[in-house]
file my_file.txt (compact mmCIF, C-alpha atoms)
# COMPACT_ATOMS: atom_id res chain seq x y z
CA MET A 37 13.72 -14.59 7.73
CA ASN A 38 14.23 -13.72 4.04
CA SER A 39 11.67 -16.34 3.02
CA VAL A 40 9.16 -14.73 5.39
CA ILE A 41 9.84 -11.29 3.89
CA ASN A 42 9.50 -12.63 0.35
CA HIS A 43 6.19 -14.19 1.31
CA LYS A 44 4.98 -10.87 2.71
CA ILE A 45 6.02 -9.10 -0.51
CA ASN A 46 3.81 -11.50 -2.47
CA ILE A 47 0.90 -10.91 -0.06
CA ILE A 48 1.27 -7.14 -0.31
CA SER A 49 1.18 -7.32 -4.10
CA GLN A 50 -2.18 -9.09 -3.88
CA ASN A 51 -3.77 -6.63 -1.43
CA LYS A 52 -5.61 -3.90 -3.32
CA THR A 53 -7.19 -2.07 -0.38
CA TRP A 54 -5.51 -1.03 2.88
CA LEU A 55 -8.03 0.40 5.31
CA PHE A 56 -7.00 2.63 8.24
CA VAL A 57 -8.62 2.36 11.67
CA PRO A 58 -7.64 4.73 14.53
CA ALA A 59 -6.07 2.90 17.46
CA THR A 60 -8.50 4.78 19.70
CA ARG A 61 -11.39 2.97 17.95
CA ILE A 62 -10.47 -0.70 18.16
CA ASP A 63 -14.19 -1.44 18.02
CA ARG A 64 -14.08 -0.51 14.33
CA VAL A 65 -11.56 -3.19 13.37
CA ALA A 66 -14.19 -5.87 12.87
CA LYS A 67 -16.20 -3.50 10.64
CA ALA A 68 -13.05 -2.74 8.66
CA PHE A 69 -12.48 -6.43 7.94
CA ALA A 70 -16.18 -6.88 7.14
CA SER A 71 -15.83 -4.22 4.42
CA GLY A 72 -13.74 -6.68 2.43
CA ALA A 73 -10.49 -4.73 2.77
CA GLY A 74 -7.41 -6.67 1.77
CA ALA A 75 -5.58 -5.43 4.86
CA VAL A 76 -6.43 -3.37 7.94
CA ILE A 77 -3.95 -0.86 9.35
CA VAL A 78 -4.50 0.25 12.94
CA ASP A 79 -3.08 3.77 13.26
CA LEU A 80 -1.05 4.79 16.30
CA GLU A 81 0.33 7.90 14.63
CA ASP A 82 -1.58 10.90 13.23
CA ALA A 83 -5.01 9.51 14.12
CA VAL A 84 -4.13 9.45 17.83
CA ALA A 85 -3.43 12.59 19.89
CA PRO A 86 -0.24 12.47 21.98
CA GLU A 87 -2.20 12.38 25.23
CA ASP A 88 -4.23 9.39 23.99
CA LYS A 89 -1.40 7.19 22.75
CA ALA A 90 -0.82 5.36 26.05
CA ASP A 91 -4.48 4.33 26.31
CA ALA A 92 -4.49 3.37 22.63
CA ARG A 93 -1.52 1.05 23.16
CA LYS A 94 -3.31 -0.65 26.05
CA ALA A 95 -6.40 -1.13 23.91
CA LEU A 96 -4.29 -2.58 21.13
CA GLN A 97 -2.62 -5.03 23.48
CA GLN A 98 -5.99 -6.15 24.82
CA TYR A 99 -7.32 -6.60 21.29
CA HIS A 100 -4.26 -8.59 20.22
CA ASP A 101 -4.68 -10.93 23.19
CA SER A 102 -8.43 -11.39 22.70
CA VAL A 103 -10.29 -14.20 20.94
CA ASP A 104 -11.63 -11.62 18.46
CA TYR A 105 -8.18 -10.73 17.12
CA GLN A 106 -7.76 -10.64 13.35
CA PRO A 107 -4.25 -10.10 11.95
CA ILE A 108 -3.59 -6.38 11.49
CA TRP A 109 -0.83 -4.08 10.33
CA LEU A 110 0.17 -1.32 12.73
CA ARG A 111 1.18 2.20 11.73
CA ILE A 112 3.73 3.38 14.25
CA ASN A 113 5.27 6.78 14.92
CA ARG A 114 8.37 8.11 13.21
CA ALA A 115 11.77 6.68 14.10
CA GLY A 116 13.67 8.72 16.68
CA SER A 117 10.59 9.89 18.55
CA ASP A 118 9.70 8.88 22.10
CA ALA A 119 6.47 7.43 20.75
CA PHE A 120 8.47 5.22 18.34
CA ILE A 121 10.34 3.59 21.21
CA LYS A 122 7.10 2.84 23.01
CA ASP A 123 5.50 1.56 19.82
CA ILE A 124 8.39 -0.84 19.22
CA ALA A 125 8.08 -2.14 22.78
CA LEU A 126 4.37 -2.72 22.14
CA CYS A 127 5.07 -4.61 18.92
CA GLN A 128 7.41 -6.93 20.80
CA GLN A 129 4.43 -7.90 22.96
CA MET A 130 2.22 -8.60 19.92
CA PRO A 131 3.82 -11.46 17.96
CA ASN A 132 0.76 -11.96 15.76
CA LEU A 133 0.99 -8.61 14.00
CA VAL A 134 1.24 -8.96 10.23
CA GLY A 135 3.67 -6.08 9.88
CA ILE A 136 4.48 -2.42 10.48
CA VAL A 137 3.69 0.71 8.50
CA LEU A 138 6.42 3.17 9.46
CA ALA A 139 5.29 6.79 9.38
CA LYS A 140 7.54 9.54 7.98
CA ALA A 141 10.39 7.25 6.95
CA GLU A 142 13.42 9.28 5.87
CA GLN A 143 16.59 7.23 6.28
CA ALA A 144 17.76 3.65 5.87
CA SER A 145 18.46 3.64 9.61
CA ASP A 146 14.73 4.26 10.25
CA ILE A 147 13.89 0.97 8.56
CA GLN A 148 16.73 -0.81 10.34
CA LYS A 149 15.56 0.34 13.76
CA ALA A 150 11.99 -0.78 13.15
CA TYR A 151 12.98 -4.14 11.69
CA LEU A 152 15.68 -4.97 14.24
CA GLY A 153 13.33 -4.02 17.04
CA THR A 154 10.47 -6.20 15.88
CA GLY A 155 11.51 -8.62 13.13
CA LEU A 156 8.32 -7.64 11.32
CA PRO A 157 7.96 -6.68 7.64
CA ILE A 158 8.04 -2.91 7.11
CA ILE A 159 6.08 -0.71 4.73
CA ALA A 160 7.73 2.72 4.63
CA LEU A 161 5.50 5.78 4.33
CA ILE A 162 7.28 8.58 2.44
CA GLU A 163 5.97 11.91 3.70
CA SER A 164 8.81 14.40 3.21
CA ALA A 165 11.27 15.60 0.59
CA VAL A 166 14.11 14.00 2.55
CA GLY A 167 12.31 10.66 2.59
CA LEU A 168 11.66 10.83 -1.15
CA TYR A 169 15.31 11.69 -1.81
CA TYR A 170 16.53 8.62 0.10
CA ILE A 171 14.09 5.98 -1.15
CA ASP A 172 16.84 4.13 -3.02
CA ALA A 173 18.90 3.75 0.16
CA MET A 174 15.85 2.65 2.14
CA ALA A 175 14.91 0.11 -0.52
CA LYS A 176 18.14 -1.80 0.12
CA VAL A 177 17.48 -2.41 3.83
CA SER A 178 16.48 -5.86 5.08
CA GLY A 179 12.92 -6.01 6.32
CA LEU A 180 11.44 -3.47 3.91
CA VAL A 181 8.69 -4.98 1.79
CA GLY A 182 7.17 -1.92 0.14
CA PHE A 183 6.53 1.82 -0.01
CA SER A 184 3.54 4.09 0.22
CA TYR A 185 3.40 7.85 0.59
CA GLY A 186 1.51 10.68 2.22
CA PHE A 187 0.80 13.17 -0.53
CA LEU A 188 -0.60 16.00 1.58
CA ASP A 189 2.47 15.92 3.85
CA LEU A 190 4.75 15.87 0.82
CA CYS A 191 2.90 18.81 -0.72
CA ASN A 192 3.29 20.82 2.48
CA ASP A 193 7.00 20.04 2.60
CA LEU A 194 7.56 20.81 -1.08
CA HIS A 195 5.27 23.89 -1.07
CA VAL A 196 3.07 22.34 -3.75
CA GLN A 197 -0.49 23.66 -3.92
CA VAL A 198 -2.90 20.75 -3.48
CA GLY A 199 -5.72 20.37 -6.00
CA THR A 200 -3.88 22.01 -8.90
CA PRO A 201 -2.55 20.62 -12.20
CA ALA A 202 0.93 21.17 -10.78
CA ALA A 203 0.10 18.89 -7.83
CA ASP A 204 -1.03 16.18 -10.26
CA ILE A 205 2.31 16.38 -12.05
CA VAL A 206 4.20 16.06 -8.77
CA ALA A 207 2.01 13.15 -7.64
CA ASN A 208 2.71 11.22 -10.83
CA GLN A 209 6.42 11.89 -10.50
CA ILE A 210 6.32 10.46 -6.97
CA ARG A 211 4.41 7.42 -8.19
CA TYR A 212 6.91 6.87 -10.98
CA GLN A 213 9.90 7.08 -8.64
CA LEU A 214 8.36 4.63 -6.17
CA VAL A 215 7.36 2.19 -8.92
CA LEU A 216 10.84 2.29 -10.45
CA ILE A 217 12.76 1.89 -7.18
CA SER A 218 10.42 -0.87 -5.99
CA LYS A 219 10.91 -2.83 -9.21
CA VAL A 220 14.68 -2.48 -9.22
CA HIS A 221 14.97 -3.69 -5.62
CA LYS A 222 12.37 -6.47 -5.97
CA LEU A 223 9.93 -4.97 -3.48
CA ALA A 224 6.16 -5.11 -3.74
CA ALA A 225 4.77 -2.52 -6.13
CA PRO A 226 4.00 0.65 -4.13
CA ILE A 227 0.65 1.43 -2.51
CA ASP A 228 -1.03 4.66 -3.57
CA THR A 229 -1.88 7.39 -1.09
CA VAL A 230 -5.33 8.09 0.39
CA TYR A 231 -8.15 9.78 -1.50
CA PRO A 232 -9.47 12.29 1.09
CA ASP A 233 -13.06 12.73 -0.14
CA PHE A 234 -14.67 9.40 0.75
CA ASN A 235 -18.01 10.52 -0.74
CA ASP A 236 -16.56 11.15 -4.21
CA GLU A 237 -16.93 7.77 -5.92
CA ILE A 238 -16.30 9.15 -9.41
CA GLY A 239 -13.07 10.85 -8.39
CA LEU A 240 -11.91 7.80 -6.46
CA SER A 241 -12.59 5.50 -9.41
CA ALA A 242 -10.56 7.79 -11.67
CA ARG A 243 -7.70 7.75 -9.16
CA VAL A 244 -7.78 3.94 -9.04
CA SER A 245 -7.56 3.75 -12.82
CA LEU A 246 -4.56 6.08 -12.74
CA TRP A 247 -2.45 4.27 -10.17
CA SER A 248 -3.30 0.81 -11.49
CA GLN A 249 -2.28 1.87 -15.01
CA MET A 250 1.01 3.15 -13.57
CA GLY A 251 1.85 -0.24 -12.06
CA MET A 252 1.04 0.33 -8.40
CA SER A 253 -0.36 -2.53 -6.34
CA GLY A 254 -3.07 -1.04 -4.13
CA MET A 255 -4.41 1.97 -2.27
CA LEU A 256 -4.68 3.34 1.25
CA CYS A 257 -8.31 3.86 2.27
CA ILE A 258 -9.75 6.00 5.07
CA HIS A 259 -13.38 4.83 5.03
CA PRO A 260 -14.98 1.38 4.60
CA LYS A 261 -17.17 2.64 1.72
CA GLN A 262 -14.02 3.27 -0.34
CA VAL A 263 -13.13 -0.42 -0.37
CA ALA A 264 -15.96 -1.50 -2.65
CA VAL A 265 -15.37 1.47 -4.98
CA VAL A 266 -11.71 0.53 -5.41
CA GLN A 267 -12.57 -3.11 -6.02
CA ARG A 268 -15.17 -2.23 -8.67
CA ALA A 269 -12.81 0.16 -10.42
CA LEU A 270 -10.15 -2.55 -10.69
CA LYS A 271 -12.41 -5.09 -12.35
CA PRO A 272 -11.62 -5.55 -16.05
CA THR A 273 -14.44 -4.99 -18.51
CA GLU A 274 -16.10 -7.86 -20.35
CA SER A 275 -14.45 -6.77 -23.60
CA GLU A 276 -11.02 -6.74 -21.95
CA LEU A 277 -11.56 -10.22 -20.55
CA SER A 278 -12.86 -11.51 -23.88
CA PHE A 279 -9.84 -10.15 -25.73
CA ALA A 280 -7.44 -11.60 -23.18
CA GLN A 281 -9.12 -14.99 -23.37
CA ARG A 282 -8.89 -15.07 -27.16
CA VAL A 283 -5.23 -14.02 -27.08
CA VAL A 284 -4.26 -16.77 -24.66
CA GLU A 285 -6.31 -19.40 -26.49
CA GLU A 286 -4.76 -18.46 -29.84
CA TYR A 287 -1.26 -18.50 -28.39
CA GLU A 288 -1.78 -21.91 -26.82
CA ARG A 289 -3.33 -23.24 -30.04
CA SER A 290 -0.81 -21.91 -32.52
CA GLY A 291 2.35 -21.46 -30.50
CA GLN A 292 3.14 -18.41 -32.60
CA ALA A 293 5.19 -15.66 -30.97
CA VAL A 294 3.46 -12.95 -33.00
CA PHE A 295 -0.09 -12.99 -34.37
CA GLU A 296 -3.13 -10.75 -34.88
CA ILE A 297 -6.38 -10.47 -32.97
CA ASP A 298 -9.05 -7.91 -33.98
CA GLY A 299 -6.55 -6.03 -36.08
CA GLN A 300 -4.09 -5.70 -33.18
CA MET A 301 -0.62 -7.20 -33.27
CA VAL A 302 -0.04 -9.55 -30.35
CA ASP A 303 3.45 -10.40 -29.11
CA ALA A 304 5.09 -11.55 -25.86
CA PRO A 305 4.29 -8.47 -23.70
CA VAL A 306 0.64 -8.50 -24.80
CA ILE A 307 0.37 -12.22 -24.06
CA ALA A 308 1.92 -11.74 -20.63
CA ARG A 309 -0.51 -8.91 -19.86
CA CYS A 310 -3.48 -11.02 -20.94
CA ARG A 311 -2.37 -13.87 -18.70
CA GLN A 312 -2.12 -11.45 -15.77
CA LEU A 313 -5.58 -10.10 -16.51
CA LEU A 314 -7.14 -13.55 -16.58
CA ALA A 315 -5.33 -14.55 -13.40

call {"tool": "encode", "arguments": {"input": "my_file.txt", "output": "structure tokens"}}
result
Amino acid sequence: MNSVINHKINIISQNKTWLFVPATRIDRVAKAFASGAGAVIVDLEDAVAPEDKADARKALQQYHDSVDYQPIWLRINRAGSDAFIKDIALCQQMPNLVGIVLAKAEQASDIQKAYLGTGLPIIALIESAVGLYYIDAMAKVSGLVGFSYGFLDLCNDLHVQVGTPAADIVANQIRYQLVLISKVHKLAAPIDTVYPDFNDEIGLSARVSLWSQMGMSGMLCIHPKQVAVVQRALKPTESELSFAQRVVEEYERSGQAVFEIDGQMVDAPVIARCRQLLA
């Protein structure tokens, strides 16, 4: 099972866009994949009203068993809730799920319950102060492959005013903690939270630049049009690619550990970064 989890960690690291689809709108799954999203998450939690969850589970089961099925992740309800128990039972009937996104994860036992109940890789969504406090303990649990977070929920819990410079400081602190803990415990780099305004391409592009520079692996998306914006924002510029190419070529030609390109000193970390960029 560990080899499967390690494989999923590698896959997660390669996925740059994670697009949500409400479980009440299974008809939108095909459109979500057609957008070019790296992964599609069908949402059984906040996007589905309590009175609609039973019908949504039936629709999910029918989709999973159909010839049109494409491998999806499933966001399930928080551990300890009645809905969680029903969601786990559903997952046991859908062996071709890619994995689970666990809403409002707060304790190591939350991850254990989800993993033992399904055997599927778990991405933990951190949406409360308690969850953020215990990320190190959660990171040690078998089955966890990565973290993401719900910033609006965290702001509500921490009494942080959204849309202020203070909120930006808090968001970057959260990103830093998740990046650090994920690296230490050999998880996939964390996935950034949603950008709510799906019509704001400039703002979304700036957000992508921020989280990618901080070492995060991808981003949660709430609309298909965001996928292409994220992908464009992640593309290196021609000058960056040219510099990286010249660095790698010079290193392979000379074998020198330290040299100069365009007036910039190049050493092992720069070479490694250039190789990553070209890859």

call {"tool": "closest_residue", "arguments": {"input": "my_file.txt", "among": "A:Ile210, A:His221, A:Cys191, A:Leu216", "to": "Lys176 in chain A", "atoms": "all atoms listed in the file"}}
result
A:His221

call {"tool": "atom_distance", "arguments": {"input": "my_file.txt", "atom1": "CA of Gln50 in chain A", "atom2": "CA of Leu256 in chain A"}}
result
13.7 Å

call {"tool": "residues_around", "arguments": {"input": "my_file.txt", "residues": "Trp54 in chain A", "least_positions_apart": "6", "cutoff": "7 Å", "atoms": "all atoms listed in the file", "output": "list in words"}}
result
Ala73, Gly74, Ala75, Val76, Ile77, Met255, Leu256 and Cys257 of chain A

call {"tool": "residues_around", "arguments": {"input": "my_file.txt", "residues": "range 135-147 of chain A", "least_positions_apart": "5", "cutoff": "8 Å", "atoms": "all atoms listed in the file", "output": "short mmCIF file (atom, residue, chain, number, x, y, z; two decimals) with C-alpha atoms, in the frame of the given file"}}
result
data_model
loop_
_atom_site.label_atom_id
_atom_site.label_comp_id
_atom_site.auth_asym_id
_atom_site.auth_seq_id
_atom_site.Cartn_x
_atom_site.Cartn_y
_atom_site.Cartn_z
CA ILE A 77 -3.95 -0.86 9.35
CA GLU A 81 0.33 7.90 14.63
CA ILE A 108 -3.59 -6.38 11.49
CA TRP A 109 -0.83 -4.08 10.33
CA LEU A 110 0.17 -1.32 12.73
CA ARG A 111 1.18 2.20 11.73
CA ILE A 112 3.73 3.38 14.25
CA ASN A 113 5.27 6.78 14.92
CA ARG A 114 8.37 8.11 13.21
CA ALA A 115 11.77 6.68 14.10
CA GLY A 116 13.67 8.72 16.68
CA LEU A 156 8.32 -7.64 11.32
CA PRO A 157 7.96 -6.68 7.64
CA ILE A 158 8.04 -2.91 7.11
CA ILE A 159 6.08 -0.71 4.73
CA ALA A 160 7.73 2.72 4.63
CA LEU A 161 5.50 5.78 4.33
CA ILE A 162 7.28 8.58 2.44
CA GLU A 163 5.97 11.91 3.70
CA SER A 164 8.81 14.40 3.21
CA VAL A 166 14.11 14.00 2.55
CA GLY A 167 12.31 10.66 2.59
CA LEU A 168 11.66 10.83 -1.15
CA TYR A 170 16.53 8.62 0.10
CA ILE A 171 14.09 5.98 -1.15
CA ALA A 173 18.90 3.75 0.16
CA MET A 174 15.85 2.65 2.14
CA ALA A 175 14.91 0.11 -0.52
CA LYS A 176 18.14 -1.80 0.12
CA VAL A 177 17.48 -2.41 3.83
CA GLY A 179 12.92 -6.01 6.32
CA LEU A 180 11.44 -3.47 3.91
#

call {"tool": "closest_residue", "arguments": {"input": "my_file.txt", "among": "A:Phe69, A:Phe183, A:Tyr212, A:Phe120", "to": "Pro226 in chain A", "atoms": "all atoms listed in the file"}}
result
A:Phe183

call {"tool": "atom_distance", "arguments": {"input": "my_file.txt", "atom1": "CA of Phe187 in chain A", "atom2": "CA of Thr229 in chain A"}}
result
6.4 Å

call {"tool": "residues_around", "arguments": {"input": "my_file.txt", "residues": "Ser102 in chain A", "least_positions_apart": "4", "cutoff": "12 Å", "atoms": "all atoms listed in the file", "output": "PyMOL selection string"}}
result
chain A and resi 62+95-98+106-107+130+132

call {"tool": "residues_around", "arguments": {"input": "my_file.txt", "residues": "Gln209 in chain A", "least_positions_apart": "4", "cutoff": "12 Å", "atoms": "only C-alpha atoms", "output": "number ranges by chain"}}
result
A: 168, 187, 202-205, 213-216, 247, 250

call {"tool": "residues_around", "arguments": {"input": "my_file.txt", "residues": "Ile297 in chain A", "least_positions_apart": "3", "cutoff": "10 Å", "atoms": "all atoms listed in the file", "output": "PDB file with C-alpha atoms, in the frame of the given file"}}
result
ATOM      1  CA  PHE A 279      -9.840 -10.150 -25.730  1.00  0.00           C
ATOM      2  CA  ALA A 280      -7.440 -11.600 -23.180  1.00  0.00           C
ATOM      3  CA  ARG A 282      -8.890 -15.070 -27.160  1.00  0.00           C
ATOM      4  CA  VAL A 283      -5.230 -14.020 -27.080  1.00  0.00           C
ATOM      5  CA  GLU A 286      -4.760 -18.460 -29.840  1.00  0.00           C
ATOM      6  CA  GLN A 300      -4.090  -5.700 -33.180  1.00  0.00           C
ATOM      7  CA  MET A 301      -0.620  -7.200 -33.270  1.00  0.00           C
ATOM      8  CA  VAL A 302      -0.040  -9.550 -30.350  1.00  0.00           C
TER       9      VAL A 302
END

call {"tool": "axis_aligned_box", "arguments": {"input": "my_file.txt", "around": "range 160-171 of chain A", "padding_each_side": "5 Å", "output": "lines of an AutoDock Vina configuration file"}}
result
center_x = 11.0
center_y = 9.2
center_z = 1.4
size_x = 21.0
size_y = 22.9
size_z = 16.4

call {"tool": "closest_residue", "arguments": {"input": "my_file.txt", "among": "A:Val263, A:Ala150, A:Val206, A:Leu246", "to": "Phe234 in chain A", "atoms": "all atoms listed in the file"}}
result
A:Val263

call {"tool": "closest_residue", "arguments": {"input": "my_file.txt", "among": "A:Gly239, A:Ala165, A:Val134, A:Leu194", "to": "Tyr105 in chain A", "atoms": "only C-alpha atoms"}}
result
A:Val134

call {"tool": "atom_distance", "arguments": {"input": "my_file.txt", "atom1": "CA of Pro58 in chain A", "atom2": "CA of Gly155 in chain A"}}
result
23.4 Å

call {"tool": "closest_residue", "arguments": {"input": "my_file.txt", "among": "A:Pro260, A:Tyr99, A:Ala59, A:Leu314", "to": "Ser278 in chain A", "atoms": "all atoms listed in the file"}}
result
A:Leu314

call {"tool": "closest_residue", "arguments": {"input": "my_file.txt", "among": "A:Asn192, A:Ser241, A:Asn46, A:Gln249", "to": "Asn208 in chain A", "atoms": "only C-alpha atoms"}}
result
A:Gln249

call {"tool": "decode", "arguments": {"input": "my_file.txt", "residues": "range 119-129 of chain A", "atoms": "all heavy atoms", "output": "PDB file, in the first residue's frame"}}
result
ATOM      1  N   ALA A 119     -22.929  12.212   7.996  1.00  0.00           N
ATOM      2  CA  ALA A 119     -22.675  12.223   6.561  1.00  0.00           C
ATOM      3  C   ALA A 119     -21.347  11.533   6.241  1.00  0.00           C
ATOM      4  O   ALA A 119     -21.223  10.868   5.205  1.00  0.00           O
ATOM      5  CB  ALA A 119     -22.665  13.654   6.043  1.00  0.00           C
ATOM      6  N   PHE A 120     -20.349  11.677   7.116  1.00  0.00           N
ATOM      7  CA  PHE A 120     -19.050  11.033   6.906  1.00  0.00           C
ATOM      8  C   PHE A 120     -19.208   9.519   6.833  1.00  0.00           C
ATOM      9  O   PHE A 120     -18.635   8.863   5.947  1.00  0.00           O
ATOM     10  CB  PHE A 120     -18.096  11.417   8.042  1.00  0.00           C
ATOM     11  CG  PHE A 120     -16.785  10.668   8.040  1.00  0.00           C
ATOM     12  CD1 PHE A 120     -15.745  11.097   7.234  1.00  0.00           C
ATOM     13  CD2 PHE A 120     -16.599   9.560   8.846  1.00  0.00           C
ATOM     14  CE1 PHE A 120     -14.522  10.420   7.239  1.00  0.00           C
ATOM     15  CE2 PHE A 120     -15.392   8.877   8.860  1.00  0.00           C
ATOM     16  CZ  PHE A 120     -14.346   9.311   8.056  1.00  0.00           C
ATOM     17  N   ILE A 121     -19.972   8.961   7.735  1.00  0.00           N
ATOM     18  CA  ILE A 121     -20.175   7.509   7.756  1.00  0.00           C
ATOM     19  C   ILE A 121     -20.811   7.035   6.456  1.00  0.00           C
ATOM     20  O   ILE A 121     -20.402   6.026   5.866  1.00  0.00           O
ATOM     21  CB  ILE A 121     -21.042   7.114   8.967  1.00  0.00           C
ATOM     22  CG1 ILE A 121     -20.324   7.453  10.278  1.00  0.00           C
ATOM     23  CG2 ILE A 121     -21.394   5.625   8.925  1.00  0.00           C
ATOM     24  CD1 ILE A 121     -21.176   7.310  11.509  1.00  0.00           C
ATOM     25  N   LYS A 122     -21.772   7.773   5.987  1.00  0.00           N
ATOM     26  CA  LYS A 122     -22.441   7.415   4.733  1.00  0.00           C
ATOM     27  C   LYS A 122     -21.515   7.609   3.540  1.00  0.00           C
ATOM     28  O   LYS A 122     -21.552   6.824   2.584  1.00  0.00           O
ATOM     29  CB  LYS A 122     -23.713   8.243   4.581  1.00  0.00           C
ATOM     30  CG  LYS A 122     -24.765   7.930   5.636  1.00  0.00           C
ATOM     31  CD  LYS A 122     -25.955   8.880   5.545  1.00  0.00           C
ATOM     32  CE  LYS A 122     -26.969   8.585   6.658  1.00  0.00           C
ATOM     33  NZ  LYS A 122     -28.109   9.533   6.639  1.00  0.00           N
ATOM     34  N   ASP A 123     -20.687   8.632   3.600  1.00  0.00           N
ATOM     35  CA  ASP A 123     -19.737   8.872   2.518  1.00  0.00           C
ATOM     36  C   ASP A 123     -18.704   7.748   2.435  1.00  0.00           C
ATOM     37  O   ASP A 123     -18.329   7.314   1.338  1.00  0.00           O
ATOM     38  CB  ASP A 123     -19.023  10.210   2.721  1.00  0.00           C
ATOM     39  CG  ASP A 123     -19.946  11.411   2.552  1.00  0.00           C
ATOM     40  OD1 ASP A 123     -21.071  11.232   2.039  1.00  0.00           O
ATOM     41  OD2 ASP A 123     -19.538  12.519   2.945  1.00  0.00           O
ATOM     42  N   ILE A 124     -18.235   7.293   3.588  1.00  0.00           N
ATOM     43  CA  ILE A 124     -17.265   6.188   3.609  1.00  0.00           C
ATOM     44  C   ILE A 124     -17.888   4.926   3.030  1.00  0.00           C
ATOM     45  O   ILE A 124     -17.258   4.205   2.232  1.00  0.00           O
ATOM     46  CB  ILE A 124     -16.762   5.932   5.044  1.00  0.00           C
ATOM     47  CG1 ILE A 124     -15.930   7.110   5.544  1.00  0.00           C
ATOM     48  CG2 ILE A 124     -15.948   4.639   5.107  1.00  0.00           C
ATOM     49  CD1 ILE A 124     -14.658   7.362   4.774  1.00  0.00           C
ATOM     50  N   ALA A 125     -19.133   4.661   3.397  1.00  0.00           N
ATOM     51  CA  ALA A 125     -19.824   3.489   2.849  1.00  0.00           C
ATOM     52  C   ALA A 125     -19.939   3.598   1.331  1.00  0.00           C
ATOM     53  O   ALA A 125     -19.785   2.600   0.606  1.00  0.00           O
ATOM     54  CB  ALA A 125     -21.209   3.360   3.482  1.00  0.00           C
ATOM     55  N   LEU A 126     -20.191   4.803   0.830  1.00  0.00           N
ATOM     56  CA  LEU A 126     -20.259   5.009  -0.614  1.00  0.00           C
ATOM     57  C   LEU A 126     -18.908   4.743  -1.264  1.00  0.00           C
ATOM     58  O   LEU A 126     -18.834   4.075  -2.311  1.00  0.00           O
ATOM     59  CB  LEU A 126     -20.708   6.437  -0.904  1.00  0.00           C
ATOM     60  CG  LEU A 126     -20.693   6.867  -2.379  1.00  0.00           C
ATOM     61  CD1 LEU A 126     -21.732   6.070  -3.179  1.00  0.00           C
ATOM     62  CD2 LEU A 126     -20.943   8.358  -2.509  1.00  0.00           C
ATOM     63  N   CYS A 127     -17.848   5.249  -0.670  1.00  0.00           N
ATOM     64  CA  CYS A 127     -16.508   5.053  -1.227  1.00  0.00           C
ATOM     65  C   CYS A 127     -16.159   3.570  -1.332  1.00  0.00           C
ATOM     66  O   CYS A 127     -15.470   3.150  -2.274  1.00  0.00           O
ATOM     67  CB  CYS A 127     -15.470   5.757  -0.367  1.00  0.00           C
ATOM     68  SG  CYS A 127     -15.559   7.568  -0.417  1.00  0.00           S
ATOM     69  N   GLN A 128     -16.628   2.790  -0.388  1.00  0.00           N
ATOM     70  CA  GLN A 128     -16.355   1.350  -0.418  1.00  0.00           C
ATOM     71  C   GLN A 128     -17.029   0.662  -1.596  1.00  0.00           C
ATOM     72  O   GLN A 128     -16.627  -0.432  -1.992  1.00  0.00           O
ATOM     73  CB  GLN A 128     -16.813   0.722   0.902  1.00  0.00           C
ATOM     74  CG  GLN A 128     -15.982   1.171   2.096  1.00  0.00           C
ATOM     75  CD  GLN A 128     -16.591   0.772   3.434  1.00  0.00           C
ATOM     76  OE1 GLN A 128     -17.739   0.325   3.508  1.00  0.00           O
ATOM     77  NE2 GLN A 128     -15.828   0.940   4.509  1.00  0.00           N
ATOM     78  N   GLN A 129     -18.034   1.328  -2.161  1.00  0.00           N
ATOM     79  CA  GLN A 129     -18.745   0.789  -3.327  1.00  0.00           C
ATOM     80  C   GLN A 129     -18.195   1.358  -4.641  1.00  0.00           C
ATOM     81  O   GLN A 129     -18.685   1.017  -5.712  1.00  0.00           O
ATOM     82  CB  GLN A 129     -20.241   1.114  -3.222  1.00  0.00           C
ATOM     83  CG  GLN A 129     -20.917   0.570  -1.980  1.00  0.00           C
ATOM     84  CD  GLN A 129     -20.807  -0.935  -1.880  1.00  0.00           C
ATOM     85  OE1 GLN A 129     -21.029  -1.657  -2.860  1.00  0.00           O
ATOM     86  NE2 GLN A 129     -20.437  -1.427  -0.699  1.00  0.00           N
TER      87      GLN A 129
END
